[in-house]
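Source file input.tsv; content: TSV, C-alpha atoms.
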chain	number	residue	atom	x	y	z
A	1	MET	CA	0.00	0.00	0.00
A	2	LYS	CA	3.02	2.25	-0.27
A	3	ARG	CA	1.69	3.74	-3.44
A	4	LEU	CA	-1.46	4.95	-1.74
A	5	SER	CA	-1.66	8.43	-0.34
A	6	ARG	CA	-1.81	8.73	3.43
A	7	GLY	CA	-5.51	9.62	3.37
A	8	LEU	CA	-6.49	6.67	1.21
A	9	ARG	CA	-4.26	4.32	3.21
A	10	THR	CA	-6.02	5.49	6.39
A	11	LEU	CA	-9.36	4.64	4.86
A	12	ALA	CA	-8.16	1.36	3.36
A	13	ASP	CA	-7.04	0.22	6.81
A	14	CYS	CA	-10.72	0.41	7.87
A	15	ALA	CA	-12.08	-1.07	4.64
A	16	PRO	CA	-15.14	-3.32	4.91
A	17	ILE	CA	-14.12	-6.94	5.46
A	18	ALA	CA	-16.89	-8.60	3.52
A	19	ASN	CA	-17.79	-7.48	0.05
A	20	ALA	CA	-20.29	-5.16	1.61
A	21	LYS	CA	-20.81	-1.89	-0.16
A	22	ALA	CA	-18.55	0.86	1.13
A	23	PRO	CA	-20.48	3.50	3.08
A	24	ASP	CA	-19.33	6.45	0.99
A	25	ARG	CA	-17.50	7.52	-2.12
A	26	ARG	CA	-14.21	8.17	-0.33
A	27	MET	CA	-14.10	4.63	0.95
A	28	ARG	CA	-15.03	3.21	-2.46
A	29	THR	CA	-12.18	5.20	-4.01
A	30	ALA	CA	-9.75	4.04	-1.33
A	31	VAL	CA	-10.75	0.39	-1.75
A	32	SER	CA	-10.62	0.66	-5.51
A	33	ARG	CA	-7.08	2.08	-5.44
A	34	ALA	CA	-5.94	-0.25	-2.69
A	35	LYS	CA	-7.03	-3.30	-4.67
A	36	ARG	CA	-4.20	-2.60	-7.07
A	37	THR	CA	-1.68	-3.32	-4.32
A	38	GLU	CA	-0.57	-6.69	-2.97
A	39	ASP	CA	-0.62	-5.48	0.63
A	40	PHE	CA	-4.34	-4.87	0.48
A	41	ALA	CA	-5.01	-8.38	-0.79
A	42	ALA	CA	-3.06	-9.72	2.17
A	43	GLN	CA	-4.97	-7.43	4.52
A	44	GLN	CA	-8.32	-8.63	3.20
A	45	SER	CA	-7.35	-12.28	3.48
A	46	PHE	CA	-6.16	-11.65	7.03
A	47	ASP	CA	-9.33	-9.76	7.97
A	48	ARG	CA	-11.64	-12.37	6.46
A	49	ALA	CA	-9.89	-15.11	8.37
A	50	VAL	CA	-10.14	-13.23	11.65
A	51	ALA	CA	-13.79	-12.30	11.02
A	52	LYS	CA	-14.55	-15.95	10.25
A	53	LEU	CA	-12.98	-16.92	13.55
A	54	VAL	CA	-15.03	-14.28	15.35
A	55	GLN	CA	-18.20	-15.58	13.74
A	56	ALA	CA	-17.26	-19.06	14.90
A	57	THR	CA	-16.96	-17.90	18.50
A	58	PRO	CA	-19.56	-19.87	20.44
A	59	VAL	CA	-22.18	-17.82	22.19
A	60	SER	CA	-23.51	-19.33	25.37
A	61	THR	CA	-27.24	-20.03	25.66
A	62	GLU	CA	-27.39	-17.60	28.54
A	63	ILE	CA	-26.09	-14.74	26.40
A	64	GLN	CA	-28.30	-15.73	23.48
A	65	GLU	CA	-31.29	-15.27	25.76
A	66	TRP	CA	-30.32	-11.65	26.35
A	67	PHE	CA	-30.92	-10.95	22.71
A	68	ALA	CA	-33.98	-13.13	22.26
A	69	ASN	CA	-35.91	-10.01	21.33
A	70	GLU	CA	-33.59	-7.85	19.24
A	71	ARG	CA	-36.28	-5.27	18.70
A	72	MET	CA	-35.74	-4.01	22.21
A	73	ALA	CA	-32.54	-2.38	21.02
A	74	GLU	CA	-34.30	-0.25	18.46
A	75	GLY	CA	-34.94	3.34	19.21
A	76	ALA	CA	-38.55	4.12	20.08
A	77	LYS	CA	-40.53	5.37	17.14
A	78	ARG	CA	-42.87	8.22	17.80
A	79	SER	CA	-46.20	8.39	16.11
A	80	TRP	CA	-47.13	11.69	14.52
A	81	LYS	CA	-49.71	12.20	17.27
A	82	LYS	CA	-47.09	11.80	19.98
A	83	THR	CA	-44.75	14.09	18.09
A	84	ALA	CA	-47.46	16.70	17.69
A	85	LEU	CA	-48.33	16.52	21.39
A	86	HIS	CA	-44.72	16.88	22.51
A	87	PRO	CA	-44.56	20.00	24.73
A	88	ALA	CA	-41.87	21.65	22.59
A	89	ILE	CA	-43.74	21.03	19.34
A	90	LEU	CA	-46.99	22.10	20.98
A	91	ALA	CA	-45.41	25.32	22.27
A	92	ILE	CA	-43.96	26.12	18.86
A	93	GLY	CA	-47.33	25.41	17.22
A	94	ILE	CA	-49.20	27.65	19.66
A	95	ALA	CA	-46.62	30.40	19.23
A	96	LEU	CA	-46.96	30.20	15.44
A	97	VAL	CA	-50.76	30.37	15.69
A	98	VAL	CA	-50.55	33.40	17.99
A	99	ILE	CA	-48.08	35.10	15.64
A	100	ALA	CA	-50.34	34.34	12.68
A	101	VAL	CA	-53.41	35.72	14.48
A	102	VAL	CA	-51.59	38.88	15.58
A	103	ALA	CA	-50.20	39.34	12.08
A	104	TRP	CA	-53.67	38.87	10.60
A	105	ILE	CA	-55.22	41.35	13.04
A	106	THR	CA	-52.50	43.89	12.29
A	107	PHE	CA	-52.92	43.35	8.56
A	108	ASP	CA	-56.69	43.63	8.87
A	109	GLU	CA	-56.35	46.84	10.87
A	110	GLN	CA	-54.00	48.30	8.28
A	111	MET	CA	-56.38	47.31	5.48
A	112	HIS	CA	-59.36	48.96	7.15
A	113	ALA	CA	-57.64	51.89	8.81
A	114	PHE	CA	-58.81	55.34	7.80
A	115	PRO	CA	-57.26	58.78	8.33
A	116	GLY	CA	-57.97	59.62	11.94
A	117	THR	CA	-58.32	56.08	13.31
A	118	ALA	CA	-55.96	56.75	16.21
A	119	THR	CA	-57.77	59.97	17.17
A	120	ALA	CA	-61.16	58.32	16.95
A	121	LYS	CA	-59.99	55.49	19.23
A	122	LYS	CA	-58.66	58.00	21.69
A	123	LEU	CA	-62.02	59.78	21.71
A	124	LEU	CA	-63.77	56.48	22.42
A	125	ASN	CA	-61.72	56.39	25.62
A	126	VAL	CA	-62.81	59.97	26.32
A	127	ALA	CA	-66.43	58.89	25.84
A	128	ALA	CA	-65.98	56.11	28.38
A	129	MET	CA	-64.42	58.42	30.97
A	130	THR	CA	-66.56	61.56	30.62
A	131	ARG	CA	-68.95	62.10	33.53
A	132	PRO	CA	-72.41	63.58	32.83
A	133	SER	CA	-71.54	66.57	35.06
A	134	GLU	CA	-68.78	67.58	32.65
A	135	PHE	CA	-71.34	68.45	29.97
A	136	GLU	CA	-73.06	71.80	29.73
A	137	PRO	CA	-76.78	70.95	29.88
A	138	MET	CA	-78.34	71.37	26.48
A	139	GLU	CA	-81.71	69.91	25.59
A	140	THR	CA	-82.31	70.31	21.91
A	141	GLU	CA	-82.07	68.43	18.62
A	142	ALA	CA	-78.51	67.47	17.73
A	143	GLY	CA	-78.90	68.89	14.23
A	144	THR	CA	-79.28	72.43	15.57
A	145	LEU	CA	-75.96	72.53	17.39
A	146	ASN	CA	-73.92	73.53	14.32
A	147	ASP	CA	-75.01	77.14	14.86
A	148	LEU	CA	-73.87	77.01	18.46
A	149	PHE	CA	-70.47	75.59	17.47
A	150	PHE	CA	-69.99	78.20	14.78
A	151	MET	CA	-71.27	81.20	16.71
A	152	LYS	CA	-69.72	80.44	20.07
A	153	TYR	CA	-66.58	78.51	19.16
A	154	ARG	CA	-65.95	79.48	15.52
A	155	LEU	CA	-66.08	75.83	14.52
A	156	GLU	CA	-67.03	75.66	10.87
A	157	HIS	CA	-68.74	72.60	9.34
A	158	TYR	CA	-69.24	70.96	12.75
A	159	ASP	CA	-72.52	69.55	11.45
A	160	VAL	CA	-74.26	66.50	12.87
A	161	PRO	CA	-75.16	64.17	9.96
A	162	PRO	CA	-78.85	63.67	9.12
A	163	GLU	CA	-78.77	60.16	10.60
A	164	PHE	CA	-78.38	61.67	14.10
A	165	SER	CA	-79.73	65.21	13.63
A	166	GLN	CA	-83.15	64.34	15.12
A	167	GLN	CA	-81.71	62.88	18.32
A	168	ARG	CA	-82.37	64.77	21.55
A	169	THR	CA	-79.29	66.05	23.34
A	170	ILE	CA	-78.80	66.32	27.11
A	171	GLY	CA	-75.42	68.01	27.16
A	172	VAL	CA	-72.59	69.37	25.12
A	173	ARG	CA	-69.02	70.52	25.59
A	174	VAL	CA	-66.10	71.66	23.48
A	175	PHE	CA	-62.54	70.97	24.51
A	176	ASP	CA	-59.04	71.10	23.07
A	177	ASP	CA	-57.14	67.89	22.53
A	178	ASP	CA	-53.42	67.75	21.79
A	179	GLU	CA	-53.88	65.39	18.89
A	180	ALA	CA	-57.45	65.93	17.73
A	181	GLY	CA	-57.60	69.71	18.03
A	182	GLN	CA	-60.95	71.29	18.99
A	183	VAL	CA	-63.43	68.54	19.76
A	184	ALA	CA	-67.17	68.97	20.14
A	185	GLN	CA	-68.72	66.27	22.34
A	186	ILE	CA	-72.48	65.82	22.50
A	187	SER	CA	-74.34	63.62	24.94
A	188	LEU	CA	-77.60	62.10	23.69
A	189	ALA	CA	-80.57	60.93	25.70
A	190	GLU	CA	-80.89	57.75	23.66
A	191	LYS	CA	-78.77	54.80	24.79
A	192	ARG	CA	-76.39	57.28	26.50
A	193	MET	CA	-74.88	57.68	23.08
A	194	GLN	CA	-72.21	60.33	22.46
A	195	LEU	CA	-71.37	62.23	19.29
A	196	PHE	CA	-67.99	63.72	18.48
A	197	LEU	CA	-66.97	66.27	15.89
A	198	PHE	CA	-63.29	66.95	15.34
A	199	PRO	CA	-61.00	68.16	12.55
A	200	ALA	CA	-59.92	65.63	9.93
A	201	ARG	CA	-56.19	64.90	9.69
A	202	ARG	CA	-54.48	67.00	7.07
A	203	ASP	CA	-52.10	65.73	4.41
A	204	SER	CA	-48.58	66.86	5.33
A	205	LYS	CA	-47.71	67.78	1.72
A	206	SER	CA	-50.88	69.28	0.30
A	207	GLY	CA	-52.40	70.48	3.56
A	208	LYS	CA	-55.79	69.19	2.46
A	209	PRO	CA	-57.97	67.22	4.90
A	210	GLU	CA	-57.70	63.47	4.43
A	211	GLU	CA	-61.20	62.12	3.94
A	212	PHE	CA	-62.84	58.81	3.10
A	213	GLU	CA	-66.16	57.56	1.83
A	214	GLY	CA	-69.02	56.22	3.95
A	215	TRP	CA	-69.08	55.03	7.54
A	216	ARG	CA	-66.25	53.20	9.26
A	217	TYR	CA	-66.58	51.25	12.48
A	218	ILE	CA	-63.99	51.17	15.23
A	219	GLU	CA	-64.06	49.33	18.53
A	220	GLN	CA	-62.25	50.04	21.77
A	221	GLU	CA	-62.75	48.48	25.18
A	222	GLY	CA	-66.45	47.74	24.85
A	223	TRP	CA	-67.28	50.90	22.97
A	224	THR	CA	-68.13	51.09	19.28
A	225	GLY	CA	-67.81	54.12	17.07
A	226	ALA	CA	-69.14	54.86	13.58
A	227	VAL	CA	-67.04	57.50	11.83
A	228	GLN	CA	-67.81	59.63	8.80
A	229	ALA	CA	-65.76	62.39	7.13
A	230	ARG	CA	-67.35	65.46	5.63
A	231	LYS	CA	-65.98	68.88	4.69
A	232	GLY	CA	-62.75	68.43	6.63
A	233	VAL	CA	-64.51	67.37	9.82
A	234	LEU	CA	-64.85	63.86	11.21
A	235	PHE	CA	-68.08	62.86	12.90
A	236	MET	CA	-68.20	59.92	15.28
A	237	ALA	CA	-71.21	58.38	16.96
A	238	ALA	CA	-70.10	56.37	19.98
A	239	VAL	CA	-72.10	53.86	21.99
A	240	ARG	CA	-71.23	51.45	24.74
A	241	GLY	CA	-71.92	48.10	23.13
A	242	PRO	CA	-71.47	46.18	19.90
A	243	LYS	CA	-71.80	47.32	16.30
A	244	LYS	CA	-75.40	46.17	16.08
A	245	ASP	CA	-76.42	48.93	18.52
A	246	LEU	CA	-75.22	51.57	16.07
A	247	ALA	CA	-76.18	49.94	12.80
A	248	PRO	CA	-79.89	50.90	12.86
A	249	TYR	CA	-79.00	54.61	12.91
A	250	LEU	CA	-76.82	54.51	9.82
A	251	THR	CA	-78.62	54.80	6.53
A	252	THR	CA	-75.58	53.83	4.49
A	253	LYS	CA	-73.94	50.54	5.36
A	254	PRO	CA	-70.55	51.17	6.99
A	255	GLN	CA	-67.42	49.25	5.96
A	256	LEU	CA	-66.80	46.61	8.56
A	257	ARG	CA	-63.44	46.56	10.21
B	1	MET	CA	-14.34	-6.63	27.23
B	2	THR	CA	-14.87	-7.33	30.92
B	3	GLY	CA	-13.45	-10.82	30.89
B	4	GLU	CA	-16.35	-12.07	33.04
B	5	ALA	CA	-19.79	-13.09	31.84
B	6	SER	CA	-21.46	-12.00	35.09
B	7	LYS	CA	-20.03	-8.49	34.80
B	8	ALA	CA	-21.05	-8.34	31.17
B	9	GLN	CA	-24.57	-9.39	32.11
B	10	ASP	CA	-24.76	-6.70	34.78
B	11	ILE	CA	-23.62	-4.11	32.27
B	12	PHE	CA	-26.09	-5.35	29.71
B	13	GLN	CA	-28.95	-5.09	32.17
B	14	ASP	CA	-27.82	-1.69	33.46
B	15	THR	CA	-27.69	-0.43	29.88
B	16	LEU	CA	-31.19	-1.68	29.17
B	17	ARG	CA	-32.41	-0.18	32.44
B	18	GLU	CA	-30.90	3.17	31.46
B	19	ALA	CA	-32.61	2.93	28.07
B	20	ALA	CA	-35.94	2.15	29.74
B	21	PHE	CA	-35.45	5.12	32.06
B	22	LEU	CA	-34.80	7.41	29.10
B	23	VAL	CA	-37.86	6.10	27.29
B	24	ALA	CA	-39.96	6.67	30.42
B	25	ASN	CA	-38.73	10.27	30.40
B	26	ARG	CA	-39.70	10.60	26.76
B	27	GLU	CA	-36.07	10.86	25.67
B	28	PRO	CA	-35.52	7.50	23.98
B	29	PRO	CA	-32.05	6.66	22.65
B	30	ALA	CA	-31.60	8.33	19.28
B	31	ASP	CA	-30.14	5.27	17.56
B	32	ARG	CA	-29.07	1.71	18.18
B	33	TYR	CA	-25.44	2.81	18.48
B	34	TRP	CA	-26.40	4.41	21.78
B	35	PHE	CA	-26.50	0.91	23.30
B	36	PHE	CA	-22.99	0.11	22.11
B	37	ARG	CA	-21.61	3.45	23.30
B	38	GLU	CA	-23.32	3.18	26.67
B	39	ALA	CA	-22.35	-0.46	27.19
B	40	ARG	CA	-18.77	0.24	26.17
B	41	TRP	CA	-18.38	3.08	28.64
B	42	ARG	CA	-19.82	0.91	31.37
B	43	CYS	CA	-17.40	-1.88	30.43
B	44	LEU	CA	-14.45	0.50	30.51
B	45	ASP	CA	-15.59	1.75	33.89
B	46	VAL	CA	-15.81	-1.78	35.30
B	47	VAL	CA	-12.48	-2.78	33.78
B	48	ALA	CA	-10.81	0.33	35.18
B	49	GLN	CA	-11.86	-0.73	38.69
B	50	GLY	CA	-10.47	-4.26	38.31
B	51	VAL	CA	-6.97	-5.66	38.10
B	52	GLN	CA	-5.08	-3.97	35.31
B	53	PRO	CA	-2.97	-6.00	32.87
B	54	GLU	CA	0.61	-4.97	32.34
B	55	HIS	CA	0.86	-3.28	29.02
B	56	ALA	CA	4.09	-4.06	27.32
B	57	ALA	CA	5.01	-2.86	23.87
B	58	ASN	CA	3.71	-5.57	21.56
B	59	GLU	CA	5.87	-6.71	18.75
B	60	SER	CA	4.51	-6.14	15.31
B	61	THR	CA	5.29	-7.42	11.89
B	62	GLU	CA	4.01	-7.15	8.36
B	63	LEU	CA	1.05	-9.32	7.44
B	64	SER	CA	2.01	-12.73	6.15
B	65	PRO	CA	0.38	-14.34	3.11
B	66	LYS	CA	0.14	-17.42	5.30
B	67	ALA	CA	-1.85	-15.61	7.97
B	68	PRO	CA	-5.24	-17.13	6.99
B	69	GLU	CA	-3.82	-20.60	7.46
B	70	GLN	CA	-2.29	-19.63	10.80
B	71	ILE	CA	-5.62	-18.14	11.94
B	72	GLU	CA	-7.49	-21.29	10.95
B	73	GLN	CA	-5.48	-23.18	13.50
B	74	LEU	CA	-6.59	-20.92	16.33
B	75	GLU	CA	-9.46	-21.51	18.69
B	76	PRO	CA	-11.97	-18.63	18.84
B	77	GLU	CA	-11.24	-18.22	22.57
B	78	GLN	CA	-7.58	-17.54	21.82
B	79	LEU	CA	-8.53	-14.66	19.57
B	80	ALA	CA	-10.98	-13.36	22.18
B	81	ILE	CA	-8.29	-13.45	24.84
B	82	TRP	CA	-5.79	-11.70	22.61
B	83	ILE	CA	-8.25	-8.92	21.74
B	84	SER	CA	-9.40	-8.53	25.35
B	85	ALA	CA	-5.78	-8.04	26.40
B	86	ALA	CA	-5.26	-5.19	23.93
B	87	PRO	CA	-5.23	-1.66	25.32
B	88	GLU	CA	-8.14	0.71	24.77
B	89	PRO	CA	-9.24	2.01	22.33
B	90	GLN	CA	-7.54	-0.65	20.20
B	91	ARG	CA	-9.49	-3.41	21.97
B	92	SER	CA	-12.87	-1.82	21.21
B	93	ALA	CA	-11.83	-0.91	17.68
B	94	LEU	CA	-10.73	-4.46	16.87
B	95	ALA	CA	-13.78	-5.97	18.52
B	96	LEU	CA	-16.16	-3.80	16.51
B	97	TYR	CA	-14.20	-4.09	13.29
B	98	TYR	CA	-14.04	-7.86	13.28
B	99	LEU	CA	-17.69	-8.19	14.18
B	100	ASP	CA	-18.01	-6.96	10.60
B	101	GLU	CA	-21.34	-5.27	11.23
B	102	PHE	CA	-20.34	-1.63	11.26
B	103	ASN	CA	-18.74	0.68	8.76
B	104	TYR	CA	-15.94	3.02	9.71
B	105	ARG	CA	-18.24	5.98	10.30
B	106	GLU	CA	-20.36	3.99	12.73
B	107	MET	CA	-17.27	2.79	14.55
B	108	MET	CA	-15.95	6.35	14.81
B	109	SER	CA	-19.31	7.40	16.24
B	110	MET	CA	-19.45	4.60	18.77
B	111	LEU	CA	-15.85	4.87	19.89
B	112	GLY	CA	-15.56	8.63	19.70
B	113	LEU	CA	-12.42	8.31	17.60
B	114	LYS	CA	-11.10	10.24	14.65
B	115	LEU	CA	-10.54	8.35	11.42
B	116	THR	CA	-6.75	8.41	11.80
B	117	ASP	CA	-6.96	7.01	15.34
B	118	LEU	CA	-9.37	4.28	14.29
B	119	SER	CA	-7.23	3.40	11.31
B	120	ARG	CA	-4.07	3.34	13.41
B	121	ALA	CA	-5.69	1.12	16.05
B	122	ILE	CA	-6.87	-1.44	13.48
B	123	ALA	CA	-3.68	-1.41	11.39
B	124	SER	CA	-1.37	-1.78	14.37
B	125	GLY	CA	-3.69	-4.44	15.78
B	126	ARG	CA	-3.28	-6.48	12.61
B	127	ARG	CA	0.50	-6.28	12.71
B	128	GLU	CA	0.67	-7.09	16.42
B	129	PHE	CA	-1.70	-10.01	15.98
B	130	GLN	CA	0.46	-11.26	13.13
B	131	ALA	CA	3.50	-11.11	15.39
B	132	TRP	CA	1.61	-13.00	18.06
B	133	LEU	CA	0.45	-15.52	15.45
B	134	ASN	CA	4.03	-16.10	14.33
B	135	THR	CA	4.88	-16.93	17.90
B	136	THR	CA	1.79	-18.97	18.68
B	137	VAL	CA	1.50	-20.88	15.40
B	138	PRO	CA	5.13	-20.97	14.28
B	139	ALA	CA	4.84	-24.13	12.25
B	140	ALA	CA	2.40	-22.53	9.87
B	141	ALA	CA	4.40	-19.31	9.80
B	142	SER	CA	7.59	-21.01	8.85
B	143	GLU	CA	6.14	-23.02	5.98

Could you rewrite the structure in this file as structure tokens?
Amino acid sequence: MKRLSRGLRTLADCAPIANAKAPDRRMRTAVSRAKRTEDFAAQQSFDRAVAKLVQATPVSTEIQEWFANERMAEGAKRSWKKTALHPAILAIGIALVVIAVVAWITFDEQMHAFPGTATAKKLLNVAAMTRPSEFEPMETEAGTLNDLFFMKYRLEHYDVPPEFSQQRTIGVRVFDDDEAGQVAQISLAEKRMQLFLFPARRDSKSGKPEEFEGWRYIEQEGWTGAVQARKGVLFMAAVRGPKKDLAPYLTTKPQLR
Amino acid sequence: MTGEASKAQDIFQDTLREAAFLVANREPPADRYWFFREARWRCLDVVAQGVQPEHAANESTELSPKAPEQIEQLEPEQLAIWISAAPEPQRSALALYYLDEFNYREMMSMLGLKLTDLSRAIASGRREFQAWLNTTVPAAASE
């Protein structure tokens, strides 16, 4: 084997004894090259003789009994059910589902978001926290308040849409919000509903109010709001409850979100 | 490897018990080689606690073309004794190699040896066994 390289000689020294197929290409190459040498033929004859002697080694009955069931030495095979119920797999699966749900919710929110979503959600919180005593008592029809807003507060186009203009009010207030600007908040007698009017967000480049078509629903901590944009002002009707409590008031079907 | 059947049986049973324990803990042995690895380590541990043979430098010689005939004259027990007297890891390497059930990668995995070490152990084992054969079965060697 002197003609073999060191690497091939190393492999040839461990060559399979029987004519079993070599486990990999390197070994096949080594055996193939080594077969051209006389030393390798002597090695194989030697190894076969020793292996034959090993095979002829008597195994006592006692030891044979140890291996009566050879299957016991096989690794346990897991069924797909067991694999799926493994705590690690289960945890990964749950995590993936949660990530998928959160991603879907985020995607859905982005798809249905409208200019002013964040402000409208903030005002839903305001609706939940405003006490009746904070309103200035005002018993009239909601549709008549636009004159009050314009005359007293110089708020132009703060008009209550026709869908809510016939509702009786019990109070009103106007306040400044850091994000929303000047907000008109109206408390209604019916279902303790609240109406909000606030400036629409303006495009940073053109300066024009960002508007959208129709009604859009938002939900926040048990409150539901229906939002509409008109003439640079956003109107929101807010009610404590689900969408179905607001739906009957809206003549045009809002886009669900 | 232990030189005593009773010790070997204890090791066999301990290995199976360990495997059963792992299975009970839902961490079954990854492959069948685990049994060989585990049993070997247990054997080495038992052997290390027993009387240690004196390891002298074994003579070695090139393989003889007459070696198969010399080997035919041996009793299997003689070979077993010779291999069991070899130092580790040569003993395990020769035992696994001549069982002729494992390829070199499997032996490397079970013994935790690099290819060069495995190769050296087997190659030197052959030459030393040949030297021992020449002494033990001289008639055949001299033909």

Stretch 36-105 of chain B residues near stretch 111-123 of chain B within 9 Å, closest pair each, using only C-alpha atoms, as a tab-separated table:
residue	atom	partner	partner_atom	distance
B:Phe36	CA	B:Leu111	CA	8.9
B:Arg37	CA	B:Leu111	CA	6.8
B:Arg40	CA	B:Leu111	CA	8.3
B:Pro89	CA	B:Ala121	CA	7.3
B:Gln90	CA	B:Ala121	CA	4.9
B:Arg91	CA	B:Ala121	CA	8.4
B:Ser92	CA	B:Leu111	CA	7.4
B:Ala93	CA	B:Ile122	CA	6.5
B:Leu94	CA	B:Ile122	CA	6.0
B:Tyr97	CA	B:Ile122	CA	7.8
B:Tyr104	CA	B:Leu115	CA	7.8
B:Arg105	CA	B:Leu115	CA	8.1

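The smallest atom-to-atom distance between chain B and any of A:Ala18, A:Ala238, A:Met151, A:Leu4, using only C-alpha atoms, is found for A:Ala18.
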
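Between atom CA of B:Asp31 and atom CA of B:Met108 lies a distance of 14.5 Å.
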
For chain B against chain A, with a cut-off of 7 Å and counting only C-alpha atoms, what is the closest atom pair and its distance in Å to one decimal for every residue that makes the cut, ordered by chain and number, as JSON lines?
{"residue": "B:Pro28", "atom": "CA", "partner": "A:Ala76", "partner_atom": "CA", "distance": 6.0}
{"residue": "B:Pro29", "atom": "CA", "partner": "A:Gly75", "partner_atom": "CA", "distance": 5.6}
{"residue": "B:Ala30", "atom": "CA", "partner": "A:Gly75", "partner_atom": "CA", "distance": 6.0}
{"residue": "B:Asp31", "atom": "CA", "partner": "A:Gly75", "partner_atom": "CA", "distance": 5.4}
{"residue": "B:Arg32", "atom": "CA", "partner": "A:Glu74", "partner_atom": "CA", "distance": 5.6}
{"residue": "B:Leu63", "atom": "CA", "partner": "A:Ala42", "partner_atom": "CA", "distance": 6.7}
{"residue": "B:Pro65", "atom": "CA", "partner": "A:Ala42", "partner_atom": "CA", "distance": 5.8}
{"residue": "B:Ala67", "atom": "CA", "partner": "A:Phe46", "partner_atom": "CA", "distance": 5.9}
{"residue": "B:Pro68", "atom": "CA", "partner": "A:Ala49", "partner_atom": "CA", "distance": 5.3}
{"residue": "B:Ile71", "atom": "CA", "partner": "A:Ala49", "partner_atom": "CA", "distance": 6.3}
{"residue": "B:Pro76", "atom": "CA", "partner": "A:Thr57", "partner_atom": "CA", "distance": 5.1}
{"residue": "B:Tyr98", "atom": "CA", "partner": "A:Ala51", "partner_atom": "CA", "distance": 5.0}
{"residue": "B:Leu99", "atom": "CA", "partner": "A:Ala51", "partner_atom": "CA", "distance": 6.5}
{"residue": "B:Asp100", "atom": "CA", "partner": "A:Ile17", "partner_atom": "CA", "distance": 6.4}
{"residue": "B:Asn103", "atom": "CA", "partner": "A:Pro23", "partner_atom": "CA", "distance": 6.6}
{"residue": "B:Tyr104", "atom": "CA", "partner": "A:Cys14", "partner_atom": "CA", "distance": 6.1}
{"residue": "B:Thr116", "atom": "CA", "partner": "A:Thr10", "partner_atom": "CA", "distance": 6.2}
{"residue": "B:Ser119", "atom": "CA", "partner": "A:Thr10", "partner_atom": "CA", "distance": 5.5}
{"residue": "B:Ile122", "atom": "CA", "partner": "A:Asp13", "partner_atom": "CA", "distance": 6.9}
{"residue": "B:Ala123", "atom": "CA", "partner": "A:Asp13", "partner_atom": "CA", "distance": 5.9}

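The residue that comes closest to B:Leu74, out of B:Val47, B:Thr15, B:Leu133, B:Ala8 and on the basis of all atoms listed in the file, is B:Leu133.
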
Point to revise | For B:Ser109, the nearest of the candidates B:Trp132, B:Glu38, B:Glu62, B:Leu22, counting only C-alpha atoms | key: B:Glu38

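Between atom CA of A:Phe150 and atom CA of A:Leu234 the separation is 15.6 Å.
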
Practice item. Could you tell me how far atom CA of B:Pro138 lies from atom CA of B:Thr61, in Å and to one decimal? Key: 13.8 Å

Practice item. Identify the residues around (-65.4, 74.6, 13.2) within a radius of 9 Å, measuring from only C-alpha atoms in the coordinates stated by the file, and give them as a PyMOL selection string. Key: chain A and resi 146+149-150+153-159+182+197-199+233

Practice item. Fewer than 3 positions away in the same chain doesn't count, so skip those; otherwise give me all residues within 12 Å of A:Val126, counting all atoms listed in the file, as an MDAnalysis selection string. Key: chainID A and resid 119:123 129:131 134 175 177 180 183:186 194:196 220:221 223 238:239

Practice item. Find the residues near A:Ile170: any atom within 6 Å, counting only C-alpha atoms, skip ones fewer than 3 places away on the same chain, and give them as a count of residues only. Key: 6

Listed atoms of stretch 25-28 of chain B boxed along x, y and z, 4 Å each side, centre and edge lengths in Å, one decimal, as lines of an AutoDock Vina configuration file:
center_x = -37.6
center_y = 9.2
center_z = 27.2
size_x = 12.2
size_y = 11.4
size_z = 14.4

Can you sort out stretch 100-107 of chain B so it carries N, CA and C atoms, written as a CSV table (one decimal), in the frame of the given file?
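Result file is result_37.csv:
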chain,number,residue,atom,x,y,z
B,100,ASP,N,-17.7,-7.1,12.0
B,100,ASP,CA,-18.0,-7.0,10.6
B,100,ASP,C,-19.5,-6.6,10.4
B,101,GLU,N,-20.0,-5.7,11.3
B,101,GLU,CA,-21.3,-5.3,11.2
B,101,GLU,C,-21.4,-3.8,11.1
B,102,PHE,N,-20.3,-3.1,11.3
B,102,PHE,CA,-20.3,-1.6,11.3
B,102,PHE,C,-19.3,-1.1,10.2
B,103,ASN,N,-19.7,0.0,9.6
B,103,ASN,CA,-18.7,0.7,8.8
B,103,ASN,C,-17.9,1.6,9.6
B,104,TYR,N,-16.9,2.2,8.9
B,104,TYR,CA,-15.9,3.0,9.7
B,104,TYR,C,-16.6,4.2,10.4
B,105,ARG,N,-17.6,4.8,9.7
B,105,ARG,CA,-18.2,6.0,10.3
B,105,ARG,C,-19.0,5.6,11.6
B,106,GLU,N,-19.6,4.5,11.5
B,106,GLU,CA,-20.4,4.0,12.7
B,106,GLU,C,-19.4,3.7,13.9
B,107,MET,N,-18.3,3.1,13.5
B,107,MET,CA,-17.3,2.8,14.6
B,107,MET,C,-16.7,4.1,15.2
